[in-house]
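Heads up, final_24.pdb below (PDB, C-alpha atoms, pLDDT in the B column):
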```
ATOM      1  CA  MET M 158      73.593  20.587  -6.417  1.00 71.00           C
ATOM      2  CA  PRO M 159      70.183  22.300  -6.578  1.00 92.00           C
ATOM      3  CA  ARG M 160      69.570  26.019  -6.264  1.00 97.00           C
ATOM      4  CA  ALA M 161      66.092  27.522  -6.005  1.00 98.00           C
ATOM      5  CA  ILE M 162      65.391  30.445  -8.301  1.00 98.00           C
ATOM      6  CA  GLU M 163      62.513  32.734  -9.218  1.00 98.00           C
ATOM      7  CA  ILE M 164      62.124  33.543 -12.902  1.00 98.00           C
ATOM      8  CA  PRO M 165      60.176  36.605 -14.094  1.00 98.00           C
ATOM      9  CA  ALA M 166      57.629  35.609 -16.731  1.00 98.00           C
ATOM     10  CA  ALA M 167      54.821  37.268 -18.638  1.00 98.00           C
ATOM     11  CA  ASP M 168      52.198  35.528 -16.480  1.00 98.00           C
ATOM     12  CA  GLY M 169      53.904  35.814 -13.081  1.00 98.00           C
ATOM     13  CA  THR M 170      56.992  34.422 -11.369  1.00 98.00           C
ATOM     14  CA  ILE M 171      58.112  30.879 -12.101  1.00 98.00           C
ATOM     15  CA  ASP M 172      59.563  29.068  -9.110  1.00 98.00           C
ATOM     16  CA  ALA M 173      62.247  26.728 -10.393  1.00 98.00           C
ATOM     17  CA  HIS M 174      65.407  24.857  -9.485  1.00 98.00           C
ATOM     18  CA  ILE M 175      68.811  24.683 -11.139  1.00 98.00           C
ATOM     19  CA  PHE M 176      70.745  21.432 -10.694  1.00 98.00           C
ATOM     20  CA  THR M 177      74.467  21.025 -11.337  1.00 97.00           C
ATOM     21  CA  PRO M 178      77.026  18.330 -10.520  1.00 97.00           C
ATOM     22  CA  GLY M 179      78.508  18.618  -7.047  1.00 92.00           C
ATOM     23  CA  ASN M 180      81.942  19.425  -8.453  1.00 88.00           C
ATOM     24  CA  ALA M 181      80.810  21.962 -11.052  1.00 90.00           C
ATOM     25  CA  ASP M 182      83.280  24.846 -11.359  1.00 90.00           C
ATOM     26  CA  CYS M 183      82.276  26.321 -14.722  1.00 96.00           C
ATOM     27  CA  PRO M 184      79.148  26.935 -16.814  1.00 97.00           C
ATOM     28  CA  LEU M 185      77.626  23.778 -18.270  1.00 98.00           C
ATOM     29  CA  PRO M 186      75.335  22.989 -21.245  1.00 98.00           C
ATOM     30  CA  ALA M 187      71.716  23.717 -20.375  1.00 98.00           C
ATOM     31  CA  VAL M 188      68.868  21.228 -20.241  1.00 99.00           C
ATOM     32  CA  VAL M 189      65.260  22.151 -19.438  1.00 99.00           C
ATOM     33  CA  LEU M 190      63.387  19.384 -17.633  1.00 99.00           C
ATOM     34  CA  PHE M 191      59.596  19.589 -17.512  1.00 98.00           C
ATOM     35  CA  THR M 192      57.886  17.414 -14.901  1.00 98.00           C
ATOM     36  CA  ASP M 193      54.924  15.158 -15.525  1.00 97.00           C
ATOM     37  CA  ILE M 194      51.396  16.069 -14.447  1.00 94.00           C
ATOM     38  CA  GLY M 195      52.332  15.630 -10.770  1.00 94.00           C
ATOM     39  CA  GLY M 196      54.568  18.686 -10.815  1.00 96.00           C
ATOM     40  CA  LEU M 197      57.599  19.312  -8.624  1.00 96.00           C
ATOM     41  CA  ARG M 198      58.259  16.590  -6.053  1.00 94.00           C
ATOM     42  CA  PRO M 199      61.139  14.512  -4.663  1.00 93.00           C
ATOM     43  CA  CYS M 200      61.344  11.912  -7.433  1.00 94.00           C
ATOM     44  CA  TYR M 201      61.739  14.662 -10.033  1.00 97.00           C
ATOM     45  CA  HIS M 202      64.407  16.420  -7.987  1.00 97.00           C
ATOM     46  CA  GLU M 203      66.246  13.090  -7.978  1.00 97.00           C
ATOM     47  CA  LYS M 204      65.741  12.710 -11.726  1.00 98.00           C
ATOM     48  CA  ALA M 205      67.035  16.211 -12.445  1.00 98.00           C
ATOM     49  CA  GLN M 206      70.098  15.705 -10.259  1.00 98.00           C
ATOM     50  CA  ARG M 207      70.937  12.409 -11.930  1.00 98.00           C
ATOM     51  CA  LEU M 208      70.781  14.142 -15.297  1.00 98.00           C
ATOM     52  CA  ALA M 209      72.911  17.040 -14.061  1.00 98.00           C
ATOM     53  CA  ASP M 210      75.552  14.637 -12.770  1.00 97.00           C
ATOM     54  CA  ASN M 211      76.255  13.729 -16.406  1.00 97.00           C
ATOM     55  CA  GLY M 212      77.708  17.211 -16.856  1.00 97.00           C
ATOM     56  CA  TYR M 213      74.755  19.545 -17.394  1.00 98.00           C
ATOM     57  CA  ALA M 214      73.029  22.470 -15.744  1.00 98.00           C
ATOM     58  CA  VAL M 215      69.384  21.406 -15.489  1.00 98.00           C
ATOM     59  CA  LEU M 216      66.570  23.927 -15.163  1.00 99.00           C
ATOM     60  CA  MET M 217      63.378  22.414 -13.717  1.00 98.00           C
ATOM     61  CA  PRO M 218      60.459  24.869 -13.550  1.00 98.00           C
ATOM     62  CA  ASN M 219      57.168  24.557 -11.735  1.00 98.00           C
ATOM     63  CA  VAL M 220      54.829  24.343 -14.706  1.00 98.00           C
ATOM     64  CA  TYR M 221      51.886  25.195 -12.402  1.00 98.00           C
ATOM     65  CA  TYR M 222      53.302  28.475 -11.058  1.00 98.00           C
ATOM     66  CA  ARG M 223      50.200  30.362 -12.194  1.00 98.00           C
ATOM     67  CA  ASP M 224      48.144  28.461  -9.627  1.00 97.00           C
ATOM     68  CA  ALA M 225      50.511  27.314  -6.876  1.00 96.00           C
ATOM     69  CA  SER M 226      54.180  27.251  -5.928  1.00 96.00           C
ATOM     70  CA  GLY M 227      56.438  24.463  -4.765  1.00 94.00           C
ATOM     71  CA  HIS M 228      55.275  20.882  -4.448  1.00 91.00           C
ATOM     72  CA  ILE M 229      51.693  20.623  -5.652  1.00 87.00           C
ATOM     73  CA  VAL M 230      50.892  17.120  -4.414  1.00 86.00           C
ATOM     74  CA  PRO M 231      50.588  17.087  -0.597  1.00 81.00           C
ATOM     75  CA  GLU M 232      53.078  14.969   1.321  1.00 78.00           C
ATOM     76  CA  GLY M 233      51.846  11.422   1.695  1.00 77.00           C
ATOM     77  CA  LYS M 234      49.500  11.760  -1.261  1.00 76.00           C
ATOM     78  CA  SER M 235      49.849  10.663  -4.892  1.00 78.00           C
ATOM     79  CA  PHE M 236      49.105  12.622  -8.043  1.00 77.00           C
ATOM     80  CA  ARG M 237      46.833   9.716  -8.946  1.00 79.00           C
ATOM     81  CA  ASP M 238      44.662  10.046  -5.824  1.00 83.00           C
ATOM     82  CA  PRO M 239      41.047  10.948  -6.658  1.00 83.00           C
ATOM     83  CA  ASP M 240      41.149  13.948  -4.313  1.00 85.00           C
ATOM     84  CA  VAL M 241      44.345  15.302  -5.916  1.00 87.00           C
ATOM     85  CA  ARG M 242      44.014  14.555  -9.612  1.00 88.00           C
ATOM     86  CA  PRO M 243      41.116  16.981 -10.335  1.00 92.00           C
ATOM     87  CA  THR M 244      43.236  19.878  -9.070  1.00 92.00           C
ATOM     88  CA  LEU M 245      46.135  18.857 -11.280  1.00 93.00           C
ATOM     89  CA  LEU M 246      43.865  18.531 -14.298  1.00 94.00           C
ATOM     90  CA  GLU M 247      42.484  22.000 -13.598  1.00 95.00           C
ATOM     91  CA  TYR M 248      45.979  23.473 -13.401  1.00 96.00           C
ATOM     92  CA  ALA M 249      47.092  21.575 -16.502  1.00 95.00           C
ATOM     93  CA  GLY M 250      44.163  23.048 -18.393  1.00 95.00           C
ATOM     94  CA  HIS M 251      45.740  26.479 -18.023  1.00 97.00           C
ATOM     95  CA  LEU M 252      48.861  25.360 -19.919  1.00 97.00           C
ATOM     96  CA  THR M 253      47.666  26.261 -23.386  1.00 97.00           C
ATOM     97  CA  PRO M 254      50.122  26.405 -26.292  1.00 97.00           C
ATOM     98  CA  GLU M 255      50.136  30.193 -25.929  1.00 98.00           C
ATOM     99  CA  ALA M 256      50.932  29.966 -22.206  1.00 98.00           C
ATOM    100  CA  GLN M 257      53.688  27.467 -22.908  1.00 98.00           C
ATOM    101  CA  SER M 258      55.202  29.784 -25.498  1.00 98.00           C
ATOM    102  CA  ARG M 259      55.377  32.651 -23.027  1.00 98.00           C
ATOM    103  CA  ASP M 260      57.035  30.376 -20.484  1.00 98.00           C
ATOM    104  CA  PHE M 261      59.617  29.151 -22.999  1.00 98.00           C
ATOM    105  CA  VAL M 262      60.778  32.735 -23.491  1.00 98.00           C
ATOM    106  CA  ALA M 263      61.158  33.221 -19.736  1.00 98.00           C
ATOM    107  CA  LEU M 264      63.115  29.982 -19.342  1.00 98.00           C
ATOM    108  CA  LEU M 265      65.489  30.892 -22.164  1.00 98.00           C
ATOM    109  CA  ASN M 266      66.032  34.328 -20.637  1.00 98.00           C
ATOM    110  CA  CYS M 267      66.921  32.601 -17.373  1.00 98.00           C
ATOM    111  CA  ILE M 268      69.424  30.342 -19.143  1.00 98.00           C
ATOM    112  CA  ASP M 269      70.983  33.375 -20.812  1.00 98.00           C
ATOM    113  CA  ASN M 270      71.441  35.217 -17.525  1.00 98.00           C
ATOM    114  CA  GLU M 271      72.281  32.669 -14.816  1.00 98.00           C
ATOM    115  CA  PRO M 272      75.942  31.699 -14.244  1.00 97.00           C
ATOM    116  CA  GLU M 273      75.409  27.927 -14.218  1.00 97.00           C
ATOM    117  CA  PHE M 274      74.525  27.830 -17.919  1.00 98.00           C
ATOM    118  CA  ALA M 275      77.025  27.822 -20.769  1.00 98.00           C
ATOM    119  CA  ASN M 276      76.428  29.574 -24.046  1.00 97.00           C
ATOM    120  CA  GLY M 277      75.256  27.425 -26.911  1.00 97.00           C
ATOM    121  CA  LYS M 278      72.329  25.228 -27.769  1.00 98.00           C
ATOM    122  CA  ILE M 279      70.222  23.433 -25.187  1.00 98.00           C
ATOM    123  CA  GLY M 280      68.311  20.229 -24.649  1.00 98.00           C
ATOM    124  CA  VAL M 281      64.751  19.848 -23.395  1.00 99.00           C
ATOM    125  CA  VAL M 282      62.961  16.809 -21.992  1.00 99.00           C
ATOM    126  CA  GLY M 283      59.358  16.250 -20.965  1.00 98.00           C
ATOM    127  CA  TYR M 284      57.356  13.486 -19.313  1.00 98.00           C
ATOM    128  CA  CYS M 285      53.688  12.570 -19.665  1.00 97.00           C
ATOM    129  CA  MET M 286      51.854  15.714 -20.798  1.00 96.00           C
ATOM    130  CA  THR M 287      55.101  17.686 -21.150  1.00 98.00           C
ATOM    131  CA  GLY M 288      56.491  15.475 -23.893  1.00 98.00           C
ATOM    132  CA  ALA M 289      54.431  17.789 -26.081  1.00 97.00           C
ATOM    133  CA  PHE M 290      55.998  20.816 -24.358  1.00 98.00           C
ATOM    134  CA  ALA M 291      59.472  19.611 -25.359  1.00 98.00           C
ATOM    135  CA  LEU M 292      58.398  19.266 -28.986  1.00 98.00           C
ATOM    136  CA  ARG M 293      56.768  22.675 -29.027  1.00 98.00           C
ATOM    137  CA  MET M 294      59.800  24.374 -27.489  1.00 98.00           C
ATOM    138  CA  ALA M 295      62.048  22.756 -30.098  1.00 98.00           C
ATOM    139  CA  ALA M 296      59.700  23.908 -32.868  1.00 98.00           C
ATOM    140  CA  GLU M 297      59.420  27.474 -31.618  1.00 98.00           C
ATOM    141  CA  HIS M 298      63.105  27.986 -30.828  1.00 98.00           C
ATOM    142  CA  THR M 299      64.928  26.170 -33.584  1.00 98.00           C
ATOM    143  CA  ASP M 300      68.029  28.305 -33.102  1.00 97.00           C
ATOM    144  CA  ARG M 301      68.321  27.247 -29.448  1.00 98.00           C
ATOM    145  CA  VAL M 302      67.109  23.652 -29.071  1.00 98.00           C
ATOM    146  CA  ALA M 303      69.485  20.956 -30.307  1.00 98.00           C
ATOM    147  CA  ALA M 304      67.633  18.022 -28.762  1.00 98.00           C
ATOM    148  CA  ALA M 305      64.123  17.300 -27.504  1.00 98.00           C
ATOM    149  CA  ALA M 306      63.017  14.118 -25.736  1.00 98.00           C
ATOM    150  CA  GLY M 307      59.733  12.794 -24.421  1.00 98.00           C
ATOM    151  CA  PHE M 308      59.137   9.788 -22.167  1.00 98.00           C
ATOM    152  CA  HIS M 309      55.762   8.104 -21.601  1.00 98.00           C
ATOM    153  CA  SER M 310      54.314  11.099 -23.417  1.00 97.00           C
ATOM    154  CA  ALA M 311      50.552  11.546 -23.300  1.00 95.00           C
ATOM    155  CA  ARG M 312      48.102  12.420 -26.052  1.00 94.00           C
ATOM    156  CA  LEU M 313      50.764  13.568 -28.505  1.00 96.00           C
ATOM    157  CA  ALA M 314      48.748  13.019 -31.649  1.00 95.00           C
ATOM    158  CA  GLU M 315      45.007  12.858 -31.085  1.00 95.00           C
ATOM    159  CA  ALA M 316      43.361  13.227 -34.477  1.00 90.00           C
ATOM    160  CA  ASP M 317      40.818  15.833 -33.338  1.00 90.00           C
ATOM    161  CA  ASP M 318      43.119  17.899 -31.090  1.00 92.00           C
ATOM    162  CA  PRO M 319      43.697  21.403 -32.508  1.00 90.00           C
ATOM    163  CA  ASN M 320      46.509  21.898 -29.989  1.00 91.00           C
ATOM    164  CA  SER M 321      48.444  18.780 -30.958  1.00 94.00           C
ATOM    165  CA  PRO M 322      52.169  19.456 -31.440  1.00 96.00           C
ATOM    166  CA  MET M 323      51.847  17.616 -34.761  1.00 95.00           C
ATOM    167  CA  SER M 324      50.958  20.993 -36.254  1.00 93.00           C
ATOM    168  CA  VAL M 325      54.373  22.485 -35.454  1.00 96.00           C
ATOM    169  CA  VAL M 326      56.865  19.617 -35.706  1.00 96.00           C
ATOM    170  CA  GLY M 327      57.716  20.620 -39.264  1.00 95.00           C
ATOM    171  CA  ASN M 328      59.713  23.520 -37.823  1.00 97.00           C
ATOM    172  CA  ILE M 329      62.017  21.351 -35.686  1.00 98.00           C
ATOM    173  CA  GLU M 330      65.675  21.353 -36.674  1.00 98.00           C
ATOM    174  CA  GLY M 331      67.135  19.514 -33.668  1.00 98.00           C
ATOM    175  CA  ARG M 332      67.116  15.810 -32.819  1.00 98.00           C
ATOM    176  CA  VAL M 333      64.029  14.187 -31.299  1.00 98.00           C
ATOM    177  CA  TYR M 334      63.838  11.038 -29.185  1.00 98.00           C
ATOM    178  CA  PHE M 335      60.718   9.328 -27.840  1.00 98.00           C
ATOM    179  CA  GLY M 336      60.693   6.560 -25.256  1.00 98.00           C
ATOM    180  CA  HIS M 337      57.147   5.192 -25.312  1.00 98.00           C
ATOM    181  CA  ALA M 338      55.558   2.665 -22.987  1.00 95.00           C
ATOM    182  CA  ASP M 339      54.195  -0.192 -25.061  1.00 94.00           C
ATOM    183  CA  LYS M 340      51.246  -0.508 -22.652  1.00 90.00           C
ATOM    184  CA  ASP M 341      50.385   3.172 -22.453  1.00 94.00           C
ATOM    185  CA  GLU M 342      46.661   3.863 -22.533  1.00 92.00           C
ATOM    186  CA  LEU M 343      47.401   7.591 -22.955  1.00 94.00           C
ATOM    187  CA  LEU M 344      49.375   7.065 -26.163  1.00 96.00           C
ATOM    188  CA  PRO M 345      47.941   4.139 -28.146  1.00 95.00           C
ATOM    189  CA  PRO M 346      49.732   2.736 -31.222  1.00 96.00           C
ATOM    190  CA  GLU M 347      47.708   4.793 -33.668  1.00 96.00           C
ATOM    191  CA  GLN M 348      48.914   8.026 -32.034  1.00 97.00           C
ATOM    192  CA  ILE M 349      52.518   6.858 -32.065  1.00 97.00           C
ATOM    193  CA  ALA M 350      52.197   6.063 -35.772  1.00 97.00           C
ATOM    194  CA  ARG M 351      50.538   9.408 -36.474  1.00 97.00           C
ATOM    195  CA  MET M 352      53.326  11.362 -34.772  1.00 97.00           C
ATOM    196  CA  ASP M 353      56.038   9.283 -36.423  1.00 98.00           C
ATOM    197  CA  GLU M 354      54.475   9.991 -39.808  1.00 97.00           C
ATOM    198  CA  ALA M 355      54.348  13.728 -39.105  1.00 96.00           C
ATOM    199  CA  LEU M 356      58.009  13.792 -38.071  1.00 98.00           C
ATOM    200  CA  ALA M 357      59.119  11.669 -41.017  1.00 98.00           C
ATOM    201  CA  THR M 358      57.148  13.766 -43.498  1.00 97.00           C
ATOM    202  CA  ALA M 359      58.790  16.886 -42.074  1.00 97.00           C
ATOM    203  CA  GLY M 360      62.259  15.383 -42.382  1.00 97.00           C
ATOM    204  CA  VAL M 361      62.998  15.589 -38.654  1.00 98.00           C
ATOM    205  CA  HIS M 362      65.870  13.458 -37.337  1.00 98.00           C
ATOM    206  CA  PHE M 363      63.971  11.378 -34.796  1.00 98.00           C
ATOM    207  CA  THR M 364      64.005   8.057 -32.985  1.00 98.00           C
ATOM    208  CA  THR M 365      60.998   6.283 -31.526  1.00 98.00           C
ATOM    209  CA  GLU M 366      61.525   3.400 -29.126  1.00 98.00           C
ATOM    210  CA  LEU M 367      58.967   1.184 -27.412  1.00 97.00           C
ATOM    211  CA  TYR M 368      59.846   0.130 -23.883  1.00 97.00           C
ATOM    212  CA  LYS M 369      58.682  -3.461 -23.597  1.00 95.00           C
ATOM    213  CA  ASP M 370      56.101  -4.244 -20.893  1.00 94.00           C
ATOM    214  CA  ALA M 371      56.261  -0.675 -19.580  1.00 96.00           C
ATOM    215  CA  ALA M 372      53.195   1.324 -18.578  1.00 95.00           C
ATOM    216  CA  HIS M 373      52.495   5.029 -18.498  1.00 95.00           C
ATOM    217  CA  GLY M 374      54.624   6.767 -15.869  1.00 95.00           C
ATOM    218  CA  PHE M 375      57.418   4.197 -15.895  1.00 97.00           C
ATOM    219  CA  THR M 376      60.079   6.746 -14.867  1.00 98.00           C
ATOM    220  CA  ALA M 377      58.174   8.120 -11.835  1.00 95.00           C
ATOM    221  CA  LYS M 378      59.383   6.409  -8.676  1.00 93.00           C
ATOM    222  CA  ASP M 379      56.266   7.462  -6.768  1.00 90.00           C
ATOM    223  CA  ALA M 380      53.902   5.862  -9.294  1.00 90.00           C
ATOM    224  CA  PRO M 381      52.622   2.275  -9.120  1.00 90.00           C
ATOM    225  CA  SER M 382      53.657   1.900 -12.762  1.00 93.00           C
ATOM    226  CA  TYR M 383      57.317   2.624 -11.987  1.00 95.00           C
ATOM    227  CA  ASP M 384      59.637   0.229 -13.794  1.00 97.00           C
ATOM    228  CA  ALA M 385      63.276   0.318 -12.646  1.00 97.00           C
ATOM    229  CA  ALA M 386      64.646  -1.343 -15.780  1.00 97.00           C
ATOM    230  CA  ALA M 387      62.733   0.989 -18.089  1.00 98.00           C
ATOM    231  CA  ASP M 388      63.750   3.979 -15.979  1.00 98.00           C
ATOM    232  CA  ASP M 389      67.433   3.040 -16.248  1.00 98.00           C
ATOM    233  CA  LEU M 390      67.055   2.661 -20.012  1.00 98.00           C
ATOM    234  CA  HIS M 391      65.454   6.093 -20.221  1.00 98.00           C
ATOM    235  CA  HIS M 392      68.425   7.638 -18.422  1.00 98.00           C
ATOM    236  CA  LYS M 393      70.849   5.893 -20.798  1.00 98.00           C
ATOM    237  CA  ARG M 394      68.977   7.014 -23.900  1.00 98.00           C
ATOM    238  CA  LEU M 395      68.672  10.585 -22.657  1.00 98.00           C
ATOM    239  CA  ALA M 396      72.356  10.713 -21.734  1.00 98.00           C
ATOM    240  CA  LEU M 397      73.329   9.482 -25.206  1.00 98.00           C
ATOM    241  CA  LEU M 398      71.054  11.967 -26.979  1.00 98.00           C
ATOM    242  CA  LEU M 399      72.498  14.900 -25.027  1.00 98.00           C
ATOM    243  CA  GLU M 400      76.083  13.695 -25.414  1.00 98.00           C
ATOM    244  CA  GLU M 401      75.641  13.530 -29.179  1.00 98.00           C
ATOM    245  CA  THR M 402      73.925  16.903 -29.514  1.00 98.00           C
ATOM    246  CA  LEU M 403      75.319  19.142 -26.771  1.00 97.00           C
TER     247      LEU M 403
END
```

Do you think you could lay out the structure here as structure tokens?
Amino acid sequence: MPRAIEIPAADGTIDAHIFTPGNADCPLPAVVLFTDIGGLRPCYHEKAQRLADNGYAVLMPNVYYRDASGHIVPEGKSFRDPDVRPTLLEYAGHLTPEAQSRDFVALLNCIDNEPEFANGKIGVVGYCMTGAFALRMAAEHTDRVAAAAGFHSARLAEADDPNSPMSVVGNIEGRVYFGHADKDELLPPEQIARMDEALATAGVHFTTELYKDAAHGFTAKDAPSYDAAADDLHHKRLALLLEETL
């Protein structure tokens, strides 16, 4: 069941939620779940709870806490609406690699100090723009992250992007899984190939899977691109990755 929490961080206070199974009576392996560009909202609460019900304590932070708390997208609106998206893009622009790194430290401190979380290594999963966050956290905290996953990740390996996580994947020691949409305009085949090459060259244990006929955002129930079959597959793949690593 979810519990709201405030996490002290270098740049402010992160509002977040911890999800556990309804019958949890002991600390559980920790998983950090980063939302997509739409931020905290009901479909991600549902996603985090479904993951927790597999036997994990899931920490879901508001990645936009520097600018706003709680649900960022107004009720009845979509993160794709033209009067909402510019705000989200502005907020997302503040999430530099350096800002992410400071947040990772705060999230790990939370995991170390809250009773829901067991000792030991953790998993991390990101969606859309935060697929890169999961990779970066795994690269920067090799002693803590056993598994990192990204689904319908965006702009992972643009050739001219100095902030691409390609530059740090060589540090990763945990497992990596990608579930890509095969019709994703935000991650074309050449970027998938570029990231795969970087991971393979670095000797990272990774799996890349294309979800047939899926589009960007296929796990988000409030998106027009939502695909129930692809979403179910994503949950199965994520469950297997965490079972094998945590």

Problem - Selection result of the PyMOL selection byres ((chain M and resi 329) around 7) on this file, as a ChimeraX atom specification - result: /M:295-296,299,326-328,330-331,361

Practice task
For the structure provided, state which residues fall under the PyMOL selection byres ((chain M and resi 179) around 10), and present them as a PyMOL selection string.
Solution key: chain M and resi 158-159+176-178+180-182+206+209-210+212

Exercise for the section: Could you give me, as an MDAnalysis selection string, the residues within 9 Å of range 365-374 of chain M, counting only C-alpha atoms and dropping anything in the same chain fewer than 3 positions from it? Expected result: chainID M and resid 193 284:285 308:311 333:344 349 353 377:378 380:384 387 390:391

Would you put the residues from that selection into a file with C-alpha atoms, as an mmCIF file, keeping the file's coordinate frame?
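File selection-v5.cif, as written:
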```
data_model
loop_
_atom_site.group_PDB
_atom_site.id
_atom_site.type_symbol
_atom_site.label_atom_id
_atom_site.label_comp_id
_atom_site.auth_asym_id
_atom_site.auth_seq_id
_atom_site.Cartn_x
_atom_site.Cartn_y
_atom_site.Cartn_z
ATOM 1 C CA ASP M 193 54.924 15.158 -15.525
ATOM 2 C CA TYR M 284 57.356 13.486 -19.313
ATOM 3 C CA CYS M 285 53.688 12.570 -19.665
ATOM 4 C CA PHE M 308 59.137 9.788 -22.167
ATOM 5 C CA HIS M 309 55.762 8.104 -21.601
ATOM 6 C CA SER M 310 54.314 11.099 -23.417
ATOM 7 C CA ALA M 311 50.552 11.546 -23.300
ATOM 8 C CA VAL M 333 64.029 14.187 -31.299
ATOM 9 C CA TYR M 334 63.838 11.038 -29.185
ATOM 10 C CA PHE M 335 60.718 9.328 -27.840
ATOM 11 C CA GLY M 336 60.693 6.560 -25.256
ATOM 12 C CA HIS M 337 57.147 5.192 -25.312
ATOM 13 C CA ALA M 338 55.558 2.665 -22.987
ATOM 14 C CA ASP M 339 54.195 -0.192 -25.061
ATOM 15 C CA LYS M 340 51.246 -0.508 -22.652
ATOM 16 C CA ASP M 341 50.385 3.172 -22.453
ATOM 17 C CA GLU M 342 46.661 3.863 -22.533
ATOM 18 C CA LEU M 343 47.401 7.591 -22.955
ATOM 19 C CA LEU M 344 49.375 7.065 -26.163
ATOM 20 C CA ILE M 349 52.518 6.858 -32.065
ATOM 21 C CA ASP M 353 56.038 9.283 -36.423
ATOM 22 C CA ALA M 377 58.174 8.120 -11.835
ATOM 23 C CA LYS M 378 59.383 6.409 -8.676
ATOM 24 C CA ALA M 380 53.902 5.862 -9.294
ATOM 25 C CA PRO M 381 52.622 2.275 -9.120
ATOM 26 C CA SER M 382 53.657 1.900 -12.762
ATOM 27 C CA TYR M 383 57.317 2.624 -11.987
ATOM 28 C CA ASP M 384 59.637 0.229 -13.794
ATOM 29 C CA ALA M 387 62.733 0.989 -18.089
ATOM 30 C CA LEU M 390 67.055 2.661 -20.012
ATOM 31 C CA HIS M 391 65.454 6.093 -20.221
#
```

Exercise for the section: Using all atoms listed in the file, find the one residue out of M:Cys183, M:Met217, M:Leu197, M:Ala289 that sits nearest to Phe236 in chain M. Expected result: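 The closest residue to Phe236 in chain M is M:Leu197.
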
Going by the chain IDs and residue numbers used in this file, which residues fall under the PyMOL selection byres ((chain M and resi 354) around 12)? Write them as a tab-separated table (two decimals) with C-alpha atoms, in the frame of the given file.
```
chain	number	residue	atom	x	y	z
M	314	ALA	CA	48.75	13.02	-31.65
M	323	MET	CA	51.85	17.62	-34.76
M	326	VAL	CA	56.86	19.62	-35.71
M	327	GLY	CA	57.72	20.62	-39.26
M	347	GLU	CA	47.71	4.79	-33.67
M	348	GLN	CA	48.91	8.03	-32.03
M	349	ILE	CA	52.52	6.86	-32.06
M	350	ALA	CA	52.20	6.06	-35.77
M	351	ARG	CA	50.54	9.41	-36.47
M	352	MET	CA	53.33	11.36	-34.77
M	353	ASP	CA	56.04	9.28	-36.42
M	355	ALA	CA	54.35	13.73	-39.10
M	356	LEU	CA	58.01	13.79	-38.07
M	357	ALA	CA	59.12	11.67	-41.02
M	358	THR	CA	57.15	13.77	-43.50
M	359	ALA	CA	58.79	16.89	-42.07
M	360	GLY	CA	62.26	15.38	-42.38
M	361	VAL	CA	63.00	15.59	-38.65
M	363	PHE	CA	63.97	11.38	-34.80
M	364	THR	CA	64.00	8.06	-32.98
M	365	THR	CA	61.00	6.28	-31.53
```

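Coordinates place CA of His202 in chain M at a distance of 22.8 Å from CA of Val262 in chain M.
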
Handout entry: Pairwise distance for CA of Pro319 in chain M and CA of Met294 in chain M, rounded to one decimal in Å
Key =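 These two atoms are separated by 17.1 Å.
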
Problem - Atom pair CA of Val325 in chain M / CA of Ile279 in chain M: separation (Å) - result: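 Atom-to-atom, CA of Val325 in chain M and CA of Ile279 in chain M are spaced 18.9 Å apart.
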
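Closest approach to Thr170 in chain M among M:Arg207, M:Arg259, M:Arg312, M:His251: M:Arg259, based on all atoms listed in the file.
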
Using 3 Å of padding on each side, determine the axis-aligned box around all atoms of range 248-260 of chain M present in the file and give its centre and edge lengths in Å to one decimal, as lines of an AutoDock Vina configuration file.
```
center_x = 50.6
center_y = 27.1
center_z = -19.8
size_x = 18.9
size_y = 17.1
size_z = 18.9
```

Practice task
Point out the residue among M:Leu185, M:Leu265, M:Gly277, M:Pro322 with the least atom-to-atom distance to Leu292 in chain M, counting only C-alpha atoms.
Solution key: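 Among M:Leu185, M:Leu265, M:Gly277, M:Pro322, it is M:Pro322 that comes nearest to Leu292 in chain M.
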
Problem - Ile175 in chain M environment, 6 Å, all atoms listed in the file, sequence neighbours closer than 2 positions dropped, as a PyMOL selection string - result: chain M and resi 159-160+215-216

Within 8 Å of range 395-398 of chain M, counting all atoms listed in the file, which residues show up once you throw out same-chain ones fewer than 4 positions away? Write them as a PDB file with C-alpha atoms, keeping the file's coordinate frame, please.
```pdb
ATOM      1  CA  LEU M 208      70.781  14.142 -15.297  1.00 98.00           C
ATOM      2  CA  ASN M 211      76.255  13.729 -16.406  1.00 97.00           C
ATOM      3  CA  ALA M 304      67.633  18.022 -28.762  1.00 98.00           C
ATOM      4  CA  ALA M 306      63.017  14.118 -25.736  1.00 98.00           C
ATOM      5  CA  TYR M 334      63.838  11.038 -29.185  1.00 98.00           C
ATOM      6  CA  HIS M 391      65.454   6.093 -20.221  1.00 98.00           C
ATOM      7  CA  THR M 402      73.925  16.903 -29.514  1.00 98.00           C
TER       8      THR M 402
END
```

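The smallest atom-to-atom distance between Leu246 in chain M and any of M:Met286, M:Asp260, M:Asp317, M:Pro231, using only C-alpha atoms, is found for M:Met286.
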
Fill in the blank from the handout: Closest of M:Gly169, M:Ala305, M:Ser321, M:Val230 to Gly283 in chain M, counting all atoms listed in the file, is M:Ala305

Practice task
Tell me, as a list in words, which residues lie within 7 Å of Gly280 in chain M, counting all atoms listed in the file; anything in the same chain fewer than 3 positions away does not count.
Solution key: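 Non-adjacent residues within range: Ala187, Val188, Val189, Val302, Ala303, Ala304, Ala305 and Leu399 of chain M.
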
Problem - Residue with smallest distance to Phe191 in chain M - pool M:Ala214, M:Ala291, M:Ala161, M:Ile229, counting all atoms listed in the file - result: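 Comparing M:Ala214, M:Ala291, M:Ala161, M:Ile229 against Phe191 in chain M, the winner is M:Ala291.
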
Handout entry: Selection near Pro243 in chain M, 12 Å with all atoms listed in the file, sequence-local residues under 5 positions removed, as an MDAnalysis selection string
Key = chainID M and resid 194:195 230 236:238 248:250
